[in-house]
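Shown below: input30.txt, with compact mmCIF, C-alpha atoms and all ligand atoms.
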# COMPACT_ATOMS: atom_id res chain seq x y z
CA MET A 1 12.30 7.46 -28.29
CA SER A 2 9.69 6.23 -25.80
CA VAL A 3 10.52 5.79 -22.13
CA ALA A 4 10.19 2.01 -22.43
CA ARG A 5 12.56 1.84 -25.40
CA THR A 6 15.16 3.99 -23.72
CA LEU A 7 15.08 1.70 -20.72
CA THR A 8 15.32 -1.49 -22.76
CA PHE A 9 18.38 -0.08 -24.47
CA THR A 10 20.03 0.86 -21.18
CA SER A 11 19.25 -2.51 -19.69
CA LYS A 12 20.68 -4.38 -22.71
CA ARG A 13 23.83 -2.33 -22.54
CA LEU A 14 24.29 -3.22 -18.89
CA THR A 15 23.66 -6.92 -19.52
CA ALA A 16 26.08 -6.94 -22.46
CA ALA A 17 28.97 -5.45 -20.52
CA PRO A 18 31.27 -8.35 -19.57
CA PHE A 19 31.84 -7.20 -16.01
CA ILE A 20 28.23 -6.51 -15.11
CA ARG A 21 25.66 -9.11 -14.16
CA ALA A 22 22.39 -7.29 -14.67
CA ARG A 23 19.08 -8.77 -13.59
CA ALA A 24 16.56 -8.99 -16.40
CA ILE A 25 13.52 -6.87 -15.65
CA ASN A 26 10.13 -6.55 -17.19
CA LEU A 27 9.99 -3.04 -18.57
CA ARG A 28 6.58 -3.27 -20.16
CA THR A 29 4.86 -2.10 -17.00
CA TYR A 30 6.58 1.27 -17.20
CA ALA A 31 4.98 2.18 -20.49
CA THR A 32 1.29 1.72 -19.75
CA ALA A 33 -1.69 3.92 -18.96
CA ASP A 34 -2.68 7.35 -20.11
CA VAL A 35 -1.35 9.61 -17.37
CA LYS A 36 -4.12 12.17 -17.70
CA LYS A 37 -6.91 9.62 -17.46
CA PRO A 38 -9.03 10.21 -14.35
CA VAL A 39 -8.98 7.28 -11.96
CA ALA A 40 -11.50 4.71 -13.07
CA LYS A 41 -14.53 4.02 -10.97
CA PHE A 42 -15.05 0.46 -9.73
CA LEU A 43 -16.09 -1.57 -12.77
CA GLY A 44 -17.31 -4.76 -11.05
CA GLN A 45 -20.84 -6.09 -11.49
CA LYS A 46 -23.01 -8.03 -9.04
CA ASN A 47 -23.00 -11.80 -9.55
CA ALA A 48 -26.07 -14.05 -9.94
CA ASN A 49 -26.57 -14.05 -6.13
CA GLY A 50 -26.72 -10.25 -6.02
CA ASN A 51 -23.26 -10.04 -4.41
CA TYR A 52 -19.88 -8.79 -5.58
CA THR A 53 -17.08 -11.32 -5.92
CA VAL A 54 -13.78 -10.12 -4.46
CA THR A 55 -10.43 -11.87 -4.78
CA PHE A 56 -8.91 -12.71 -1.39
CA ILE A 57 -5.19 -13.35 -0.98
CA GLU A 58 -4.82 -14.47 2.62
CA GLY A 59 -1.06 -14.02 2.78
CA ASP A 60 1.70 -15.33 5.01
CA GLY A 61 2.46 -15.27 8.74
CA ILE A 62 -0.49 -13.61 10.51
CA GLY A 63 -2.31 -13.40 7.14
CA PRO A 64 -4.69 -16.36 7.64
CA GLU A 65 -5.63 -15.23 11.19
CA ILE A 66 -6.48 -11.64 10.27
CA SER A 67 -8.19 -12.81 7.06
CA ARG A 68 -10.46 -15.08 9.11
CA SER A 69 -11.38 -12.10 11.26
CA VAL A 70 -12.35 -9.99 8.22
CA LYS A 71 -14.43 -12.80 6.73
CA GLN A 72 -16.31 -13.39 10.00
CA ILE A 73 -17.03 -9.68 10.45
CA PHE A 74 -18.23 -9.27 6.84
CA ALA A 75 -20.52 -12.28 7.29
CA ALA A 76 -21.94 -10.82 10.53
CA ALA A 77 -22.54 -7.47 8.81
CA LYS A 78 -24.22 -9.28 5.88
CA ALA A 79 -21.97 -7.39 3.48
CA PRO A 80 -22.79 -8.37 -0.11
CA ILE A 81 -19.35 -9.84 -0.79
CA GLU A 82 -18.37 -13.34 -1.88
CA TRP A 83 -14.69 -14.12 -1.49
CA GLU A 84 -12.71 -15.91 -4.18
CA THR A 85 -9.49 -17.21 -2.65
CA ALA A 86 -6.41 -16.80 -4.84
CA ASP A 87 -3.10 -18.57 -4.45
CA VAL A 88 -0.05 -16.43 -5.19
CA THR A 89 2.68 -19.00 -4.50
CA PRO A 90 5.51 -17.55 -6.60
CA ILE A 91 6.59 -19.20 -9.83
CA LEU A 92 10.25 -18.73 -10.72
CA LYS A 93 10.61 -18.95 -14.50
CA ASP A 94 13.86 -18.12 -16.32
CA GLY A 95 15.06 -16.23 -13.25
CA LYS A 96 11.86 -14.14 -13.16
CA THR A 97 9.18 -14.13 -10.46
CA THR A 98 5.57 -14.41 -11.56
CA ILE A 99 2.32 -15.26 -9.84
CA PRO A 100 -0.06 -18.01 -10.97
CA GLU A 101 -2.23 -17.13 -13.99
CA GLU A 102 -5.36 -18.14 -12.04
CA ALA A 103 -4.73 -15.37 -9.46
CA ILE A 104 -4.16 -12.80 -12.21
CA LYS A 105 -7.37 -13.88 -13.96
CA SER A 106 -9.35 -13.66 -10.73
CA ILE A 107 -8.24 -10.08 -9.98
CA LYS A 108 -8.80 -9.00 -13.61
CA LYS A 109 -12.31 -10.44 -13.51
CA ASN A 110 -13.28 -9.00 -10.10
CA TYR A 111 -11.41 -5.64 -10.35
CA VAL A 112 -10.78 -5.68 -6.58
CA ALA A 113 -8.74 -7.82 -4.22
CA LEU A 114 -8.15 -7.83 -0.50
CA LYS A 115 -4.67 -9.01 0.36
CA GLY A 116 -3.00 -10.20 3.54
CA PRO A 117 0.74 -9.63 4.00
CA LEU A 118 3.18 -11.49 1.76
CA ALA A 119 6.66 -12.24 3.10
CA THR A 120 9.76 -11.52 1.01
CA PRO A 121 13.05 -13.38 1.52
CA ILE A 122 16.03 -11.20 2.42
CA GLY A 123 18.77 -11.17 -0.22
CA LYS A 124 18.46 -14.17 -2.54
CA GLY A 125 15.08 -15.64 -3.49
CA HIS A 126 11.97 -14.47 -5.25
CA VAL A 127 11.18 -10.84 -5.94
CA SER A 128 8.62 -9.35 -3.54
CA LEU A 129 5.16 -10.62 -4.50
CA ASN A 130 3.71 -7.39 -3.20
CA LEU A 131 5.73 -5.46 -5.76
CA THR A 132 4.97 -8.09 -8.42
CA LEU A 133 1.24 -7.59 -7.87
CA ARG A 134 1.58 -3.79 -7.95
CA ARG A 135 3.51 -3.95 -11.22
CA THR A 136 1.34 -6.64 -12.82
CA PHE A 137 -1.78 -4.49 -12.42
CA ASN A 138 0.00 -1.11 -12.69
CA LEU A 139 -1.27 -0.09 -9.25
CA PHE A 140 0.43 3.27 -9.58
CA ALA A 141 -0.70 4.92 -6.33
CA ASN A 142 -0.56 3.57 -2.81
CA VAL A 143 -2.86 5.58 -0.54
CA ARG A 144 -1.96 5.30 3.14
CA PRO A 145 -4.16 7.26 5.55
CA CYS A 146 -3.27 7.31 9.23
CA ARG A 147 -5.80 8.56 11.78
CA SER A 148 -5.81 8.54 15.57
CA VAL A 149 -8.30 6.09 17.03
CA PRO A 150 -10.79 8.04 19.20
CA GLY A 151 -10.48 6.86 22.79
CA TYR A 152 -7.12 5.13 22.31
CA LYS A 153 -4.54 7.29 24.07
CA THR A 154 -1.15 7.93 22.44
CA PRO A 155 1.27 10.83 22.92
CA TYR A 156 -0.55 12.61 20.07
CA ASP A 157 -4.30 13.13 19.72
CA ASP A 158 -5.94 13.91 16.40
CA VAL A 159 -3.29 12.56 14.02
CA ASP A 160 -4.85 12.68 10.54
CA THR A 161 -2.31 12.23 7.77
CA VAL A 162 -2.67 10.98 4.20
CA LEU A 163 0.35 9.79 2.33
CA ILE A 164 0.38 8.78 -1.34
CA ARG A 165 3.31 6.70 -2.44
CA GLU A 166 4.44 6.15 -6.03
CA ASN A 167 4.00 2.41 -6.25
CA THR A 168 5.71 0.93 -9.31
CA GLU A 169 9.26 2.21 -9.64
CA GLY A 170 11.79 4.42 -7.80
CA GLU A 171 14.11 2.62 -5.42
CA TYR A 172 11.87 -0.46 -5.75
CA SER A 173 12.51 -0.98 -9.46
CA GLY A 174 14.61 -4.05 -8.68
CA ILE A 175 17.32 -3.11 -11.17
CA GLU A 176 20.50 -4.19 -9.42
CA HIS A 177 23.81 -5.54 -10.63
CA GLU A 178 27.33 -6.21 -9.56
CA VAL A 179 29.75 -3.86 -11.28
CA VAL A 180 32.91 -5.65 -10.11
CA ASP A 181 33.54 -7.85 -7.10
CA GLY A 182 32.55 -5.91 -3.98
CA VAL A 183 30.77 -3.14 -5.89
CA VAL A 184 27.05 -3.31 -6.54
CA GLN A 185 24.67 -0.81 -8.03
CA SER A 186 20.95 -0.38 -7.46
CA ILE A 187 19.12 1.88 -9.86
CA LYS A 188 16.45 4.29 -8.69
CA LEU A 189 14.29 4.57 -11.77
CA ILE A 190 12.04 7.63 -12.03
CA THR A 191 9.98 8.13 -15.17
CA LYS A 192 7.94 11.13 -16.22
CA LYS A 193 5.00 8.86 -16.97
CA ALA A 194 4.71 7.10 -13.60
CA SER A 195 5.49 10.31 -11.68
CA GLU A 196 2.87 12.33 -13.55
CA ARG A 197 0.32 9.53 -13.07
CA VAL A 198 0.70 9.39 -9.29
CA LEU A 199 0.96 13.17 -8.93
CA ARG A 200 -2.23 13.79 -10.94
CA PHE A 201 -3.95 11.16 -8.84
CA GLY A 202 -2.65 12.94 -5.71
CA PHE A 203 -4.19 16.25 -6.74
CA GLN A 204 -7.49 14.59 -7.67
CA TYR A 205 -7.51 12.70 -4.39
CA ALA A 206 -6.78 15.89 -2.40
CA GLN A 207 -9.77 17.55 -4.07
CA SER A 208 -11.99 14.55 -3.39
CA ILE A 209 -11.27 14.50 0.35
CA ASN A 210 -11.24 18.29 0.65
CA LYS A 211 -7.64 18.55 1.86
CA LYS A 212 -6.67 20.98 -0.85
CA HIS A 213 -2.95 21.07 -0.20
CA ILE A 214 -0.37 18.80 -1.85
CA ARG A 215 3.13 18.58 -0.41
CA VAL A 216 5.74 16.63 -2.37
CA VAL A 217 8.33 15.04 -0.11
CA HIS A 218 11.70 14.57 -1.78
CA LYS A 219 15.49 14.75 -1.55
CA ALA A 220 16.22 16.58 -4.79
CA THR A 221 19.06 18.40 -3.09
CA ILE A 222 21.00 15.14 -3.30
CA MET A 223 19.22 13.09 -5.98
CA LYS A 224 19.10 16.04 -8.31
CA MET A 225 18.02 14.14 -11.41
CA SER A 226 15.63 11.48 -10.07
CA ASP A 227 13.87 13.35 -7.26
CA GLY A 228 14.51 16.52 -9.28
CA LEU A 229 12.36 15.10 -12.10
CA PHE A 230 9.62 14.10 -9.64
CA VAL A 231 9.53 17.64 -8.19
CA SER A 232 9.62 19.40 -11.54
CA ILE A 233 6.74 17.24 -12.85
CA ALA A 234 4.84 18.05 -9.65
CA ARG A 235 5.27 21.78 -10.31
CA ASP A 236 3.89 21.33 -13.84
CA VAL A 237 0.94 19.21 -12.74
CA ALA A 238 0.14 21.74 -9.98
CA LYS A 239 -0.63 24.34 -12.68
CA ASP A 240 -3.64 22.23 -13.72
CA PHE A 241 -5.04 22.34 -10.16
CA PRO A 242 -5.10 26.07 -9.20
CA ASP A 243 -7.51 25.42 -6.33
CA VAL A 244 -5.01 23.08 -4.61
CA LYS A 245 -2.11 24.64 -2.72
CA PHE A 246 1.23 23.09 -3.65
CA ASP A 247 4.62 23.05 -1.94
CA THR A 248 7.58 20.75 -1.36
CA GLU A 249 9.57 19.59 1.66
CA LEU A 250 12.80 17.67 2.20
CA LEU A 251 12.24 14.16 3.52
CA ASP A 252 14.40 14.46 6.64
CA ASN A 253 12.62 17.66 7.64
CA THR A 254 9.22 15.97 7.10
CA CYS A 255 10.25 13.14 9.47
CA LEU A 256 11.36 15.58 12.14
CA LYS A 257 8.22 17.70 11.91
CA MET A 258 5.91 14.68 11.73
CA VAL A 259 7.14 13.19 15.00
CA THR A 260 7.30 16.63 16.68
CA ASP A 261 3.80 17.79 15.83
CA PRO A 262 1.82 15.60 13.41
CA LYS A 263 -1.10 18.05 13.48
CA MET A 264 0.93 20.22 11.10
CA TYR A 265 0.04 17.65 8.41
CA SER A 266 -3.69 17.35 9.09
CA ASP A 267 -4.77 19.42 6.09
CA ILE A 268 -2.11 18.19 3.68
CA VAL A 269 -1.85 15.23 1.30
CA LEU A 270 1.77 14.09 1.07
CA VAL A 271 2.98 12.60 -2.23
CA MET A 272 6.39 10.98 -2.54
CA PRO A 273 8.58 8.45 -4.36
CA ASN A 274 8.28 4.77 -3.48
CA LEU A 275 10.83 4.12 -0.71
CA TYR A 276 10.11 7.34 1.18
CA GLY A 277 6.42 6.44 1.24
CA ASP A 278 7.21 2.97 2.53
CA ILE A 279 9.25 4.30 5.44
CA VAL A 280 7.19 7.38 6.33
CA SER A 281 3.98 5.30 6.44
CA ASP A 282 5.44 2.92 9.05
CA MET A 283 6.64 5.97 10.99
CA CYS A 284 3.17 7.53 10.90
CA ALA A 285 1.67 4.23 12.14
CA GLY A 286 3.90 4.55 15.21
CA LEU A 287 2.21 7.86 16.03
CA ILE A 288 -1.24 6.33 16.46
CA GLY A 289 -0.51 3.00 18.13
CA GLY A 290 1.35 0.89 15.59
CA LEU A 291 1.10 -1.15 12.43
CA GLY A 292 -1.95 -3.01 13.69
CA LEU A 293 -4.03 0.07 12.83
CA THR A 294 -3.01 1.43 9.43
CA PRO A 295 -4.70 0.49 6.13
CA SER A 296 -3.81 1.11 2.52
CA ALA A 297 -5.18 1.02 -1.01
CA ASN A 298 -3.14 0.19 -4.12
CA ILE A 299 -5.00 2.03 -6.87
CA GLY A 300 -4.74 1.25 -10.58
CA ASP A 301 -6.61 2.23 -13.71
CA GLU A 302 -8.84 -0.81 -13.61
CA CYS A 303 -7.95 -3.06 -10.69
CA SER A 304 -7.20 -2.10 -7.10
CA ILE A 305 -5.75 -4.15 -4.27
CA PHE A 306 -6.36 -3.28 -0.62
CA GLU A 307 -3.91 -4.34 2.08
CA ALA A 308 -2.58 -3.34 5.51
CA VAL A 309 0.62 -1.30 5.75
CA HIS A 310 2.20 -4.02 7.89
CA GLY A 311 3.96 -7.25 6.91
CA SER A 312 3.53 -10.89 7.89
CA ALA A 313 4.64 -10.32 11.54
CA PRO A 314 6.45 -13.68 11.86
CA ASP A 315 7.19 -12.97 15.54
CA ILE A 316 3.50 -13.39 16.48
CA ALA A 317 2.21 -15.58 13.63
CA GLY A 318 -0.01 -18.55 14.53
CA GLN A 319 -0.57 -17.35 18.13
CA ASP A 320 -3.98 -15.68 17.81
CA LYS A 321 -2.36 -12.40 18.88
CA ALA A 322 -2.44 -10.29 15.71
CA ASN A 323 -4.50 -7.14 15.48
CA PRO A 324 -6.77 -7.47 12.40
CA THR A 325 -7.77 -3.77 12.44
CA ALA A 326 -5.33 -2.68 9.72
CA LEU A 327 -6.67 -5.29 7.28
CA LEU A 328 -10.22 -4.52 8.38
CA LEU A 329 -9.76 -0.80 7.74
CA SER A 330 -8.23 -1.68 4.35
CA SER A 331 -11.40 -3.64 3.62
CA MET A 332 -13.39 -0.52 4.60
CA MET A 333 -11.42 1.46 1.98
CA MET A 334 -12.32 -1.32 -0.44
CA LEU A 335 -16.05 -1.09 0.37
CA GLN A 336 -15.94 2.68 -0.14
CA HIS A 337 -14.14 2.21 -3.46
CA MET A 338 -16.93 -0.19 -4.48
CA GLY A 339 -19.61 2.32 -3.46
CA LEU A 340 -20.78 0.15 -0.53
CA ASN A 341 -20.57 3.06 1.91
CA GLU A 342 -23.46 1.93 4.06
CA TYR A 343 -21.65 -1.32 4.96
CA ALA A 344 -18.35 0.53 5.41
CA GLU A 345 -19.98 2.91 7.89
CA LYS A 346 -21.70 0.14 9.82
CA ILE A 347 -18.58 -2.04 10.18
CA SER A 348 -16.27 0.94 10.84
CA LYS A 349 -18.53 2.06 13.69
CA ALA A 350 -18.39 -1.41 15.27
CA ILE A 351 -14.55 -1.43 14.98
CA MET A 352 -14.15 2.09 16.38
CA ASP A 353 -16.62 1.49 19.22
CA THR A 354 -14.75 -1.69 20.21
CA LEU A 355 -11.40 0.13 20.21
CA ALA A 356 -12.79 3.13 22.13
CA GLU A 357 -14.36 0.86 24.75
CA GLY A 358 -10.89 -0.63 25.32
CA LYS A 359 -12.16 -3.89 26.87
CA ALA A 360 -11.01 -6.23 24.10
CA LEU A 361 -7.77 -4.76 22.81
CA THR A 362 -5.04 -6.95 21.32
CA GLY A 363 -1.52 -7.05 22.78
CA ASP A 364 0.00 -4.48 20.40
CA LEU A 365 -2.44 -1.91 21.86
CA GLY A 366 -1.67 -2.90 25.44
CA GLY A 367 -4.64 -5.25 25.85
CA LYS A 368 -4.96 -8.96 26.60
CA ALA A 369 -7.51 -10.01 24.00
CA SER A 370 -6.75 -12.59 21.34
CA THR A 371 -7.51 -11.96 17.67
CA THR A 372 -10.59 -14.16 18.12
CA GLU A 373 -11.84 -12.27 21.22
CA TYR A 374 -11.36 -8.89 19.55
CA THR A 375 -13.17 -10.15 16.43
CA ASN A 376 -16.07 -11.46 18.54
CA ALA A 377 -16.31 -8.11 20.35
CA ILE A 378 -16.74 -6.35 16.99
CA ILE A 379 -19.27 -8.95 15.83
CA SER A 380 -21.33 -8.48 19.02
CA LYS A 381 -21.72 -4.80 18.09
CA LEU A 382 -23.03 -5.71 14.65
CA GLN A 383 -25.83 -7.92 16.00
N1 LIG A 401 2.63 -5.35 2.05
C1 LIG A 401 3.14 -6.45 2.58
O1 LIG A 401 2.64 -7.55 2.39
C2 LIG A 401 4.36 -6.32 3.43
C3 LIG A 401 5.15 -7.41 3.63
N2 LIG A 401 6.25 -7.32 4.44
C4 LIG A 401 6.99 -8.56 4.69
O2 LIG A 401 6.65 -9.01 6.00
C5 LIG A 401 7.75 -9.74 6.56
C6 LIG A 401 8.00 -9.29 8.00
O3 LIG A 401 8.47 -7.95 8.00
P1 LIG A 401 8.74 -7.11 9.30
O4 LIG A 401 9.86 -6.21 9.04
O5 LIG A 401 8.83 -8.04 10.48
O6 LIG A 401 7.47 -6.15 9.44
P2 LIG A 401 6.02 -6.44 10.02
O7 LIG A 401 5.18 -5.29 9.60
O8 LIG A 401 5.55 -7.79 9.62
O9 LIG A 401 6.19 -6.41 11.62
C7 LIG A 401 6.80 -5.35 12.31
C8 LIG A 401 6.38 -5.39 13.78
O10 LIG A 401 5.00 -4.98 13.88
C9 LIG A 401 4.23 -6.01 14.48
N3 LIG A 401 2.95 -6.11 13.74
C10 LIG A 401 2.78 -6.00 12.42
N4 LIG A 401 1.50 -6.16 12.10
C11 LIG A 401 0.84 -6.41 13.25
C12 LIG A 401 -0.53 -6.67 13.56
N5 LIG A 401 -1.46 -6.74 12.63
N6 LIG A 401 -0.84 -6.88 14.86
C13 LIG A 401 0.08 -6.80 15.81
N7 LIG A 401 1.39 -6.56 15.59
C14 LIG A 401 1.76 -6.36 14.30
C15 LIG A 401 5.03 -7.30 14.32
O11 LIG A 401 4.69 -8.23 15.31
C16 LIG A 401 6.45 -6.78 14.39
O12 LIG A 401 6.86 -6.66 15.72
C17 LIG A 401 8.92 -9.54 5.63
O13 LIG A 401 9.07 -10.71 4.87
C18 LIG A 401 8.50 -8.39 4.73
O14 LIG A 401 9.07 -8.49 3.46
C19 LIG A 401 6.56 -6.17 5.11
C20 LIG A 401 5.80 -5.05 4.93
C21 LIG A 401 4.66 -5.02 4.05
O1 LIG A 402 7.18 -6.39 -0.32
C1 LIG A 402 7.76 -6.33 0.76
O2 LIG A 402 8.44 -7.24 1.20
C2 LIG A 402 7.66 -5.11 1.62
C3 LIG A 402 6.69 -4.10 1.09
C4 LIG A 402 6.46 -3.02 2.05
O3 LIG A 402 7.16 -2.83 3.03
C5 LIG A 402 5.32 -2.17 1.86
O4 LIG A 402 4.61 -2.28 0.87
O5 LIG A 402 5.07 -1.32 2.72
MG MG A 403 6.52 -1.18 4.24
Mind turning the file's structure into structure tokens?
Amino acid sequence: MSVARTLTFTSKRLTAAPFIRARAINLRTYATADVKKPVAKFLGQKNANGNYTVTFIEGDGIGPEISRSVKQIFAAAKAPIEWETADVTPILKDGKTTIPEEAIKSIKKNYVALKGPLATPIGKGHVSLNLTLRRTFNLFANVRPCRSVPGYKTPYDDVDTVLIRENTEGEYSGIEHEVVDGVVQSIKLITKKASERVLRFGFQYAQSINKKHIRVVHKATIMKMSDGLFVSIARDVAKDFPDVKFDTELLDNTCLKMVTDPKMYSDIVLVMPNLYGDIVSDMCAGLIGGLGLTPSANIGDECSIFEAVHGSAPDIAGQDKANPTALLLSSMMMLQHMGLNEYAEKISKAIMDTLAEGKALTGDLGGKASTTEYTNAIISKLQ
């Protein structure tokens, strides 16, 4: 019986039980993609103007402000990108959250999207649109690098970590139900298929960036079956990559060691289930100056979506205070993915020079500059 069919059966059983109110979930996304397939290269083609069209989801809260900054900087750098704005206002249909068909079509057509943060209501309300997008396009791996900014002083110099997070299931599967009054259950779904997919990607990625050491972060001492499966698949996959060192570490120990001496992780690519990756990536951001600085790439077989690690920052939204660097660095990962390395290098240099100079830093980095002033400082270095 296939993974998808087993899950459908389990889900039906739960729904049928009179005392359980199970939430219907879309299980199709768990049964896609050939796990051994190497990660596809960017498939987009130049448009009639000689540019690439990229879908832009501006997002909520600080989203529009940091999106404006990226657009202005790309225009100043004459990057060959035309933005196609997509609206992802959620549609609730039969208790399920979907995104507008137009947005899906745009991403499918362009193969890449840059996305601002999307807010998720706590408790009741629509399912996270971030997760919906990751599942819709089977963006199985979330790559979250975290590097110290040269010239910006923090308690640690030379932080250089790379974390790869399983991006479609685990604790974020959204399978929750009430067993009886006062007792709820949330299912951490781990499948061989999704685990093998992200782990193979992890090994390939480690080879590509010449950090030939994979460490799987887990808690299989407690979650013996779910994390246990993830670790055992990792051991099997490791046999296909004899040139990459492989080991495992318990999550709590990783957190302790990371905040004690992050340099221990400089030559390692960390791969882990969904929730651990979510938390550890915010923690790593704290080591280099905060969420204003850390980018990410959601990688799929065909489409990829680039976004900052941070959320919509409602506490500073609409005040011209947000640091656009995390979204900017995500857009640099996007340019590299598209093979536009020359533009990535040029814009990255202007960003890093502005940060190192320290004259136009935003408030999160201890400066007084507005988003607009920081953006203009970067633009002045591109001219
Ligand atoms: N991938 C995404 O789109 C994500 C969305 N979210 C959503 O964002 C909303 C807010 O979540 P929070 O827990 O408040 O996390 P958050 O990441 O939005 O903010 C946490 C703290 O970091 C600061 N911060 C974040 N980004 C910043 C930036 N670019 N410049 C300066 N300061 C920045 C905020 O001001 C806040 O103090 C929630 O609805 C959540 O669901 C959260 C994380 C990721
Ligand atoms: O979707 C959300 O609300 C939060 C997602 C998140 O924290 C993340 O992707 O890092
Ligand atoms: Mg997060």
task = Identify, on the basis of all atoms listed in the file, every residue whose closest approach to segment 210-218 of chain A does not exceed 9 Å; exclude the query and any residue fewer than 2 positions from it along the same chain; express the result as a PyMOL selection string.
result = chain A and resi 199+202-203+205-208+220-221+223+227-228+230-231+234+238+243-252+254+266-273+276-277
Could you list, as a CSV table (one decimal) with C-alpha atoms, in the coordinates of the input, all the residues within 6 Å of ligand LIG 401 (chain A), counting only C-alpha atoms and all ligand atoms?
chain,number,residue,atom,x,y,z
A,117,PRO,CA,0.7,-9.6,4.0
A,118,LEU,CA,3.2,-11.5,1.8
A,119,ALA,CA,6.7,-12.2,3.1
A,120,THR,CA,9.8,-11.5,1.0
A,121,PRO,CA,13.0,-13.4,1.5
A,130,ASN,CA,3.7,-7.4,-3.2
A,291,LEU,CA,1.1,-1.2,12.4
A,292,GLY,CA,-2.0,-3.0,13.7
A,309,VAL,CA,0.6,-1.3,5.8
A,310,HIS,CA,2.2,-4.0,7.9
A,311,GLY,CA,4.0,-7.2,6.9
A,312,SER,CA,3.5,-10.9,7.9
A,313,ALA,CA,4.6,-10.3,11.5
A,315,ASP,CA,7.2,-13.0,15.5
A,316,ILE,CA,3.5,-13.4,16.5
A,322,ALA,CA,-2.4,-10.3,15.7
A,323,ASN,CA,-4.5,-7.1,15.5
A,324,PRO,CA,-6.8,-7.5,12.4
A,364,ASP,CA,0.0,-4.5,20.4
Between atom CA of Ile66 of chain A and atom CA of Phe42 of chain A - distance in Å to one decimal = 24.9 Å
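The shortest atom-to-atom distance to ligand LIG 402 (chain A), with only C-alpha atoms and all ligand atoms taken into account, belongs to A:Gly174 out of A:Pro242, A:Gly174, A:Pro150, A:Gly367.
With atom CA of Ser296 of chain A on one side and atom O5 of ligand LIG 402 (chain A) on the other, the separation reads 9.2 Å.
Among the candidates A:Leu133, A:Ala356, A:Ile351, A:Val180, the one nearest to ligand LIG 402 (chain A) when counting all atoms listed in the file is A:Leu133.
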request  = Using all atoms listed in the file, pick whichever of A:Arg200, A:Lys71, A:Arg144, A:Lys368 has the shortest atom-to-atom distance to ligand LIG 402 (chain A).
outcome  = A:Arg144
Contacts of Glu307 of chain A at 7 Å (all atoms listed in the file; same-chain gap of 6+ positions) as a ChimeraX atom specification = /A:114-116,295-297,327,330
inquiry  = Counting only C-alpha atoms, I want the residues whose atoms come within 10 Å of (-16.6, -8.7, 7.5) in the file frame, returned as an MDAnalysis selection string.
reply    = chainID A and resid 67:81 328 331:332 343:344 347 375 378:379
Go ahead and save the picked residues with C-alpha atoms, as a PDB file, keeping the file's coordinate frame.
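Contents of result-v1.pdb, as written:
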ATOM      1  CA  SER A  67      -8.190 -12.810   7.060  1.00  0.00           C
ATOM      2  CA  ARG A  68     -10.460 -15.080   9.110  1.00  0.00           C
ATOM      3  CA  SER A  69     -11.380 -12.100  11.260  1.00  0.00           C
ATOM      4  CA  VAL A  70     -12.350  -9.990   8.220  1.00  0.00           C
ATOM      5  CA  LYS A  71     -14.430 -12.800   6.730  1.00  0.00           C
ATOM      6  CA  GLN A  72     -16.310 -13.390  10.000  1.00  0.00           C
ATOM      7  CA  ILE A  73     -17.030  -9.680  10.450  1.00  0.00           C
ATOM      8  CA  PHE A  74     -18.230  -9.270   6.840  1.00  0.00           C
ATOM      9  CA  ALA A  75     -20.520 -12.280   7.290  1.00  0.00           C
ATOM     10  CA  ALA A  76     -21.940 -10.820  10.530  1.00  0.00           C
ATOM     11  CA  ALA A  77     -22.540  -7.470   8.810  1.00  0.00           C
ATOM     12  CA  LYS A  78     -24.220  -9.280   5.880  1.00  0.00           C
ATOM     13  CA  ALA A  79     -21.970  -7.390   3.480  1.00  0.00           C
ATOM     14  CA  PRO A  80     -22.790  -8.370  -0.110  1.00  0.00           C
ATOM     15  CA  ILE A  81     -19.350  -9.840  -0.790  1.00  0.00           C
ATOM     16  CA  LEU A 328     -10.220  -4.520   8.380  1.00  0.00           C
ATOM     17  CA  SER A 331     -11.400  -3.640   3.620  1.00  0.00           C
ATOM     18  CA  MET A 332     -13.390  -0.520   4.600  1.00  0.00           C
ATOM     19  CA  TYR A 343     -21.650  -1.320   4.960  1.00  0.00           C
ATOM     20  CA  ALA A 344     -18.350   0.530   5.410  1.00  0.00           C
ATOM     21  CA  ILE A 347     -18.580  -2.040  10.180  1.00  0.00           C
ATOM     22  CA  THR A 375     -13.170 -10.150  16.430  1.00  0.00           C
ATOM     23  CA  ILE A 378     -16.740  -6.350  16.990  1.00  0.00           C
ATOM     24  CA  ILE A 379     -19.270  -8.950  15.830  1.00  0.00           C
TER      25      ILE A 379
END
